[in-house]
Amino acid sequence: MTFVGLLAHNVWRRRLRAAVTAVAVAIGVTAVLALGVLTSSLRDTAVSLLQLGKADFSVSQKGASDVLLSTMSKDEIDAIARTKGVQSAIGVFVHTGKINTAHPFFIEIGLDPRDEPGYGVQVVAGRSFRATESDSMMIGWRAAKTFGLGVGDRFKVEERTFRVVGIFSTNNPIGDTGGMYPITALQDWHTLSGVYTLAFVKLRPGVSVSATRRAVEKANPRLATIHSASDFGRVDRNLVLISAANVGGSILALFIGATGVMNTSLLSFYERIREFGLLRAAGWNRRRLFGLVIGEALFVSLIGAGAGIGVGFGAVALLARAPDLRGVFHPVYHTAIFGRALGFAFGMAVLGALYPAVQAARLAPLVALKHE
């Protein structure tokens, strides 16, 4: 019998106990996968909001609890536009509105029609709204497809009804699921006249992005610039807290799973002391016996990991249907998340089986054979 075959045989002999251990591992892997997908997907959504404009970097209020709660004034945006090397600074107002229970977070983008080319807006059907058309809007092509809308249709967002005058594309999956409005009208609807959420900055050719970012932040201490996803924590504390909770939950899942593996491995060790003694007497060295115990734990953990990944997909699907997450949680399954889930499964196996494996390897054959 091969070594792998012996592992499978030993696991099958104690299949009920192995199943209980696999369930513990599966629960841990499910938690790691679901938390990882939730955190990374929410981060991707938030970062997409900051990358809506066709710009070299964006600017937001520093340390806001939520990027959508960022507030900037027209004077601050004008000051950014006057910074050396800046070609343009476009101010936008971003908010959310409720369509229905299935779509509670509809992205609303307030923009001056004159800024559309610099912002990267392409009108693919109909026309753009005029700055004075308070009852008109454009809708993203993805949203138009979702809601079955076309040019000339009426669309209700909360208590307001608009006439769709055009369909736009920004080549951004989040922006294209929302609507676009005259900025002054959208600010007034939300009783935030003169307030901007973000500024999108375009630099002149050859100008250093990092140097200009430093100049903008030095001149405007209340603001922070965002150039990549790694900068996002500077302008949204909520996602930082979610990420921290993800790390803490994953570590907790690791130790819970490892405890389950250790409990099973220890029980197995005390039941098999004579068996281990026979193997040592038959010529097995300590390293091979150590590998046997660790290998069995890894074998069971691999089964648990497979089950945990399957359940994790189901958990993510349920989260995507949660009312509080509809419209902002779009599951994205990054390869790194699966790698981390498998890594945690193997970590549970090694941590849980390490002590029993060391004890098995240290057994003296004669002492083990005398054990009752």
# chains A, B, ... in the order shown; residues from 1 in each chain; ligands from 1
$ residues_around --residues "Pro323 in chain A" --least-positions-apart "4" --cutoff "9 Å" --atoms "only C-alpha atoms" --output "number ranges by chain"
A: 101-104, 319, 327
$ select_by_dssp --residues "range 68-197 of chain A" --states "alpha helix (DSSP H)" --output "VMD selection string"
chain A and resid 74 to 81 116 to 119 141 to 147 183 to 189
$ atom_distance --atom1 "CA of Tyr181 in chain A" --atom2 "CA of Gly110 in chain A"
4.9 Å
$ select_by_dssp --residues "range 88-314 of chain A" --states "strand (DSSP E)" --output "VMD selection string"
chain A and resid 88 to 97 106 to 111 122 to 126 136 to 140 154 to 157 160 to 169 179 to 182 198 to 203 223 to 226
$ closest_residue --among "A:Val261, A:Leu363, A:Met348, A:Leu279" --to "Ala19 in chain A" --atoms "only C-alpha atoms"
A:Val261
$ atom_distance --atom1 "CA of Ser228 in chain A" --atom2 "CA of Arg213 in chain A"
12.2 Å
$ closest_residue --among "A:Ile309, A:Leu266, A:Ala336, A:Leu192" --to "Tyr355 in chain A" --atoms "only C-alpha atoms"
A:Leu266
